[in-house]
>>> print(open('protein-v5.cif').read())   # mmCIF, C-alpha atoms
data_my_file
loop_
_atom_site.label_atom_id
_atom_site.label_comp_id
_atom_site.auth_asym_id
_atom_site.auth_seq_id
_atom_site.Cartn_x
_atom_site.Cartn_y
_atom_site.Cartn_z
CA MET A 148 198.05 244.38 57.42
CA THR A 149 200.20 243.95 60.53
CA THR A 150 197.86 244.77 63.37
CA VAL A 151 200.44 244.69 66.18
CA GLU A 152 202.92 247.08 64.61
CA PRO A 153 202.86 250.41 66.50
CA GLY A 154 202.84 253.50 64.33
CA TYR A 155 204.65 251.59 61.61
CA ALA A 156 204.72 254.36 58.99
CA ASP A 157 205.43 257.12 61.48
CA PRO A 158 208.48 259.16 60.52
CA THR A 159 210.36 260.11 63.66
CA SER A 160 209.80 263.59 65.10
CA THR A 161 210.51 264.79 61.63
CA SER A 162 212.34 268.01 60.92
CA THR A 163 212.57 266.87 57.31
CA PHE A 164 211.65 270.26 55.92
CA MET A 165 214.28 272.20 57.87
CA PRO A 166 217.53 273.16 56.14
CA ASN A 167 220.63 271.19 57.03
CA SER A 168 224.19 270.81 55.78
CA LYS A 169 223.39 267.28 54.61
CA THR A 170 221.72 266.81 51.24
CA GLU A 171 220.01 263.94 49.54
CA THR A 172 223.20 263.32 47.54
CA ASN A 173 224.79 261.98 50.73
CA TYR A 174 222.60 258.88 50.53
CA ASN A 175 222.66 255.80 48.35
CA MET A 176 219.43 253.83 47.97
CA ARG A 177 219.30 250.08 47.36
CA LEU A 178 217.20 247.00 48.04
CA ALA A 179 217.87 245.43 51.43
CA THR A 180 219.28 241.92 51.70
CA LEU A 181 219.21 239.32 54.47
CA ALA A 182 222.69 240.50 55.46
CA ASP A 183 221.11 243.85 56.45
CA ALA A 184 218.77 242.33 59.06
CA ALA A 185 220.87 243.27 62.10
CA ALA A 186 221.43 246.85 60.95
CA VAL A 187 217.75 247.35 60.04
CA SER A 188 216.66 245.83 63.36
CA HIS A 189 218.95 248.19 65.26
CA LEU A 190 217.89 251.28 63.30
CA ILE A 191 214.15 250.68 63.68
CA GLY A 192 214.36 249.49 67.28
CA SER A 193 216.58 252.28 68.59
CA THR A 194 214.68 254.96 66.69
CA TRP A 195 211.28 253.70 67.82
CA SER A 196 212.53 253.54 71.41
CA GLU A 197 213.90 257.07 71.24
CA PHE A 198 210.80 258.73 69.83
CA PHE A 199 207.86 256.50 70.79
CA GLY A 200 209.06 254.43 73.74
CA TYR A 201 207.40 256.88 76.14
CA SER A 202 203.97 255.89 74.81
CA VAL A 203 204.09 252.26 76.03
CA SER A 204 205.14 250.56 79.25
CA PRO A 205 208.76 249.41 79.63
CA SER A 206 207.67 245.77 79.55
CA ASP A 207 205.62 246.27 76.38
CA LEU A 208 208.53 248.07 74.73
CA GLU A 209 211.00 245.35 75.71
CA HIS A 210 208.71 242.63 74.34
CA TYR A 211 208.18 244.53 71.09
CA LEU A 212 211.90 244.99 70.54
CA ALA A 213 212.61 241.35 71.35
CA THR A 214 209.96 240.01 68.96
CA LYS A 215 208.78 242.11 66.00
CA LEU A 216 211.93 244.23 65.80
CA SER A 217 214.49 241.58 66.70
CA VAL A 218 216.97 240.41 64.11
CA GLU A 219 214.88 237.27 63.76
CA GLY A 220 211.68 239.28 63.25
CA ILE A 221 213.23 241.51 60.61
CA THR A 222 214.81 238.50 58.91
CA ALA A 223 211.38 236.88 58.63
CA ASP A 224 210.03 240.05 57.01
CA LEU A 225 212.96 240.21 54.59
CA LYS A 226 212.27 236.62 53.56
CA ASP A 227 208.56 237.28 52.99
CA PRO A 228 207.96 237.55 49.21
CA LYS A 229 205.27 240.18 49.81
CA ASP A 230 207.72 242.54 51.49
CA VAL A 231 210.11 244.97 49.77
CA PHE A 232 212.72 246.81 51.86
CA LEU A 233 214.71 249.77 50.58
CA VAL A 234 217.59 251.15 52.65
CA ALA A 235 219.46 254.44 52.53
CA THR A 236 223.16 254.23 53.28
CA THR A 237 226.04 256.59 53.87
CA THR A 238 229.68 255.99 53.06
CA PRO A 239 232.10 255.24 55.93
CA ASP A 240 233.45 258.80 56.03
CA ALA A 241 229.96 260.27 56.42
CA THR A 242 228.16 260.72 59.73
CA GLN A 243 228.30 257.52 61.76
CA PRO A 244 225.01 257.31 63.67
CA GLN A 245 224.97 256.13 67.24
CA SER A 246 221.86 255.36 69.24
CA GLN A 247 220.71 258.26 71.39
CA SER A 248 218.42 256.11 73.52
CA GLN A 249 220.89 254.23 75.73
CA SER A 250 218.39 254.03 78.60
CA GLN A 251 215.87 252.20 76.42
CA PRO A 252 215.89 248.45 75.69
CA GLN A 253 217.43 247.57 72.33
CA PRO A 254 216.42 244.86 69.86
CA SER A 255 218.20 241.59 70.51
CA SER A 256 220.97 240.52 68.18
CA SER A 257 223.76 237.95 68.17
CA SER A 258 225.99 240.17 66.02
CA GLU A 259 227.11 243.78 65.81
CA SER A 260 223.80 245.51 65.15
CA GLU A 261 225.28 248.54 63.39
CA CYS A 262 226.98 246.45 60.72
CA SER A 263 225.41 246.23 57.28
CA SER A 264 226.03 244.00 54.30
CA ASP A 265 228.81 246.32 53.04
CA SER A 266 231.13 249.03 54.35
CA SER A 267 228.39 251.68 54.43
CA THR A 268 226.04 252.56 57.27
CA ILE A 269 222.27 252.15 57.00
CA VAL A 270 220.59 255.37 58.15
CA GLY A 271 217.10 254.96 56.66
CA VAL A 272 214.67 252.20 55.75
CA VAL A 273 211.29 251.98 54.08
CA GLN A 274 209.19 248.83 53.79
CA LEU A 275 206.47 248.14 51.22
CA VAL A 276 203.97 245.28 51.50
CA ARG A 277 202.14 243.82 48.51
CA ASP A 278 198.54 242.57 48.73
CA SER A 279 197.79 244.62 51.85
CA THR A 280 194.61 246.69 51.87
CA GLU A 281 191.93 248.39 53.99
CA ALA A 282 188.21 248.62 53.34
CA CYS A 283 188.32 252.44 53.40
CA LEU A 284 190.77 252.77 50.51
CA THR A 285 189.36 254.46 47.41
CA LEU A 286 192.28 254.38 44.95
CA PRO A 287 193.06 251.47 42.62
CA LYS A 288 195.75 248.76 43.04
CA PRO A 289 197.13 249.82 46.43
CA ILE A 290 200.46 248.86 47.97
CA GLU A 291 201.17 249.53 51.64
CA LEU A 292 203.99 251.67 52.96
CA GLN A 293 204.30 249.82 56.23
CA ARG A 294 207.50 251.17 57.81
CA LEU A 295 209.57 254.31 57.34
CA TYR A 296 212.43 255.15 59.68
CA ALA A 297 215.35 257.58 59.44
CA HIS A 298 218.09 257.91 62.03
CA SER A 299 217.78 261.07 64.11
CA SER A 300 221.19 262.29 62.89
CA THR A 301 219.70 262.66 59.39
CA HIS A 302 216.73 264.83 60.36
CA GLY A 303 216.61 267.99 58.30
CA SER A 304 218.56 266.40 55.45
CA GLY A 305 215.63 265.47 53.21
CA LEU A 306 216.03 261.75 53.83
CA GLY A 307 212.40 261.27 54.86
CA ARG A 308 211.21 262.78 51.59
CA LEU A 309 213.74 260.69 49.65
CA LEU A 310 212.53 257.47 51.30
CA VAL A 311 208.91 258.23 50.41
CA GLU A 312 209.80 259.15 46.83
CA LYS A 313 211.81 255.96 46.36
CA ALA A 314 208.97 253.90 47.85
CA GLU A 315 206.53 255.49 45.43
CA ALA A 316 208.85 254.84 42.50
CA LYS A 317 209.22 251.20 43.53
CA GLY A 318 205.43 250.89 43.83
CA ARG A 319 204.99 252.19 40.29
CA GLU A 320 207.74 249.87 39.07
CA LEU A 321 205.87 246.92 40.60
CA GLY A 322 202.68 247.92 38.79
CA TYR A 323 200.67 249.47 41.63
CA GLY A 324 198.38 252.44 41.12
CA SER A 325 198.31 253.87 44.65
CA ILE A 326 200.11 253.73 47.99
CA TRP A 327 198.65 253.79 51.50
CA LEU A 328 199.85 253.86 55.09
CA GLY A 329 198.71 254.02 58.69
CA VAL A 330 199.99 256.86 60.87
CA TRP A 331 199.57 256.99 64.66
CA GLU A 332 196.82 259.46 65.55
CA ASN A 333 199.05 261.28 68.09
CA ASN A 334 201.98 261.80 65.73
CA GLU A 335 201.16 265.30 64.54
CA SER A 336 204.51 265.89 62.80
CA ALA A 337 204.11 262.66 60.81
CA LYS A 338 200.61 263.63 59.71
CA ARG A 339 201.89 267.02 58.51
CA PHE A 340 204.80 265.34 56.73
CA TYR A 341 202.58 262.95 54.79
CA GLU A 342 200.14 265.74 53.94
CA LYS A 343 203.05 267.67 52.42
CA MET A 344 203.96 264.53 50.49
CA GLY A 345 200.48 264.41 48.94
CA PHE A 346 198.78 261.75 51.07
CA GLU A 347 195.11 262.25 51.95
CA SER A 348 192.86 260.85 54.63
CA LYS A 349 189.51 259.38 53.66
CA GLY A 350 188.41 258.99 57.28
CA GLY A 351 189.60 255.41 57.67
CA GLU A 352 191.29 253.95 60.72
CA HIS A 353 192.52 250.72 62.21
CA PHE A 354 193.46 249.65 65.71
CA PHE A 355 196.37 247.61 67.02
CA PHE A 356 197.85 246.56 70.34
CA VAL A 357 201.34 246.96 71.76
CA GLY A 358 201.13 244.63 74.71
CA GLU A 359 198.19 245.98 76.70
CA SER A 360 198.17 249.34 74.93
CA LYS A 361 195.46 249.88 72.32
CA ARG A 362 196.45 252.37 69.64
CA ARG A 363 194.76 253.90 66.62
CA ASP A 364 196.18 254.56 63.17
CA LEU A 365 194.70 256.95 60.64
CA ILE A 366 194.70 255.61 57.08
CA LEU A 367 196.17 257.85 54.36
CA GLU A 368 196.45 257.16 50.64
CA LYS A 369 197.98 258.67 47.51
CA ARG A 370 197.70 257.97 43.78
CA LEU A 371 200.95 256.88 42.14
#
>>> encode(input="protein-v5.cif", output="structure tokens")
Amino acid sequence: MTTVEPGYADPTSTSTFMPNSKTETNYNMRLATLADAAAVSHLIGSTWSEFFGYSVSPSDLEHYLATKLSVEGITADLKDPKDVFLVATTTPDATQPQSQSQSQPQPSSSSESECSSDSSTIVGVVQLVRDSTEACLTLPKPIELQRLYAHSSTHGSGLGRLLVEKAEAKGRELGYGSIWLGVWENNESAKRFYEKMGFESKGGEHFFFVGESKRRDLILEKRL
């Protein structure tokens, strides 16, 4: 478990269940590679800043973006054999997302952060972590859904649901019997989203710090 990761499975202000002109067929899903580190860092960092930056101090946010969500931090996660990253991409003629949080600090990078390992644009990411558990879990052989982020331009397109479904399929493929996550207690839309996706709370929780800010996650689980 990563205890310093703030709201790591929190989908962003999700309007996932609202109709939109985009459909799931706009997205291609694949495993992430090391070449995707800059794009994944930018997506997670800018999205977290936009939707959750208000909940921490500017200095805590800047430190978080420069460490855990930096290109170097994401690269370390991509190299970790316990971690599995799936990314959703669009083709070049689809919507080209731009950060809507220009006033917020951005994750550091030595390269163009919106570039991916091919000509497509990464608009969603989900991260699974093997051998991660909590004492409150009741279902067998759990795998953690540690991060799930979709660019704000995709909200309403079904991408959040697609990311969860692909994460569940990958968990089954890897031989796990259940999937769990931590969702920030104040993220009401995320809690509703995961409830609709079949996740249940067993009353568990864990705490983590973002700088000086102590935060609480609620633990949810689902049988695969």
>>> resolve_selection(input="protein-v5.cif", expression="the PyMOL selection byres ((chain A and resi 327) around 10)", output="number ranges by chain")
A: 156, 275, 279-281, 284, 286, 289-293, 325-326, 328-330, 346-348, 366-370
>>> closest_residue(input="protein-v5.cif", among="A:Lys215, A:Arg277, A:His298, A:Arg319", to="Asp230 in chain A", atoms="all atoms listed in the file")
A:Arg277
>>> axis_aligned_box(input="protein-v5.cif", around="range 176-183 of chain A", padding_each_side="5 Å", output="JSON")
{"center_x": 219.9, "center_y": 246.6, "center_z": 51.9, "size_x": 15.5, "size_y": 24.5, "size_z": 19.1}
>>> atom_distance(input="protein-v5.cif", atom1="CA of Leu225 in chain A", atom2="CA of Val357 in chain A")
21.8 Å
>>> closest_residue(input="protein-v5.cif", among="A:Cys283, A:Val218, A:Leu181, A:Leu365", to="Phe232 in chain A", atoms="only C-alpha atoms")
A:Leu181
>>> atom_distance(input="protein-v5.cif", atom1="CA of Val231 in chain A", atom2="CA of Lys313 in chain A")
11.6 Å
>>> closest_residue(input="protein-v5.cif", among="A:Thr236, A:Ser267, A:Thr194, A:Ser202", to="Lys361 in chain A", atoms="only C-alpha atoms")
A:Ser202
>>> closest_residue(input="protein-v5.cif", among="A:Phe356, A:Tyr341, A:Tyr211, A:Phe199", to="Glu312 in chain A", atoms="all atoms listed in the file")
A:Tyr341
>>> atom_distance(input="protein-v5.cif", atom1="CA of Met344 in chain A", atom2="CA of Gly307 in chain A")
10.0 Å
>>> residues_around(input="protein-v5.cif", residues="Thr237 in chain A", least_positions_apart="6", cutoff="9 Å", atoms="only C-alpha atoms", output="list in words")
Asn173, Tyr174, Asn175, Gln243, Ser267, Thr268, Ile269 and Val270 of chain A
>>> closest_residue(input="protein-v5.cif", among="A:Lys226, A:Ile191, A:Leu371, A:Ser360", to="Ser206 in chain A", atoms="only C-alpha atoms")
A:Ser360
>>> closest_residue(input="protein-v5.cif", among="A:Lys349, A:Arg363, A:Arg308, A:His189", to="Glu332 in chain A", atoms="all atoms listed in the file")
A:Arg363
>>> resolve_selection(input="protein-v5.cif", expression="the PyMOL selection byres ((chain A and resi 219) around 12)", output="JSON list (two decimals) with C-alpha atoms, in the coordinates of the input")
[["chain", "number", "residue", "atom", "x", "y", "z"],
["A", 181, "LEU", "CA", 219.21, 239.32, 54.47],
["A", 182, "ALA", "CA", 222.69, 240.50, 55.46],
["A", 183, "ASP", "CA", 221.11, 243.85, 56.45],
["A", 184, "ALA", "CA", 218.77, 242.33, 59.06],
["A", 185, "ALA", "CA", 220.87, 243.27, 62.10],
["A", 186, "ALA", "CA", 221.43, 246.85, 60.95],
["A", 187, "VAL", "CA", 217.75, 247.35, 60.04],
["A", 188, "SER", "CA", 216.66, 245.83, 63.36],
["A", 189, "HIS", "CA", 218.95, 248.19, 65.26],
["A", 212, "LEU", "CA", 211.90, 244.99, 70.54],
["A", 213, "ALA", "CA", 212.61, 241.35, 71.35],
["A", 214, "THR", "CA", 209.96, 240.01, 68.96],
["A", 215, "LYS", "CA", 208.78, 242.11, 66.00],
["A", 216, "LEU", "CA", 211.93, 244.23, 65.80],
["A", 217, "SER", "CA", 214.49, 241.58, 66.70],
["A", 218, "VAL", "CA", 216.97, 240.41, 64.11],
["A", 220, "GLY", "CA", 211.68, 239.28, 63.25],
["A", 221, "ILE", "CA", 213.23, 241.51, 60.61],
["A", 222, "THR", "CA", 214.81, 238.50, 58.91],
["A", 223, "ALA", "CA", 211.38, 236.88, 58.63],
["A", 224, "ASP", "CA", 210.03, 240.05, 57.01],
["A", 225, "LEU", "CA", 212.96, 240.21, 54.59],
["A", 226, "LYS", "CA", 212.27, 236.62, 53.56],
["A", 254, "PRO", "CA", 216.42, 244.86, 69.86],
["A", 255, "SER", "CA", 218.20, 241.59, 70.51],
["A", 256, "SER", "CA", 220.97, 240.52, 68.18],
["A", 257, "SER", "CA", 223.76, 237.95, 68.17],
["A", 258, "SER", "CA", 225.99, 240.17, 66.02]]
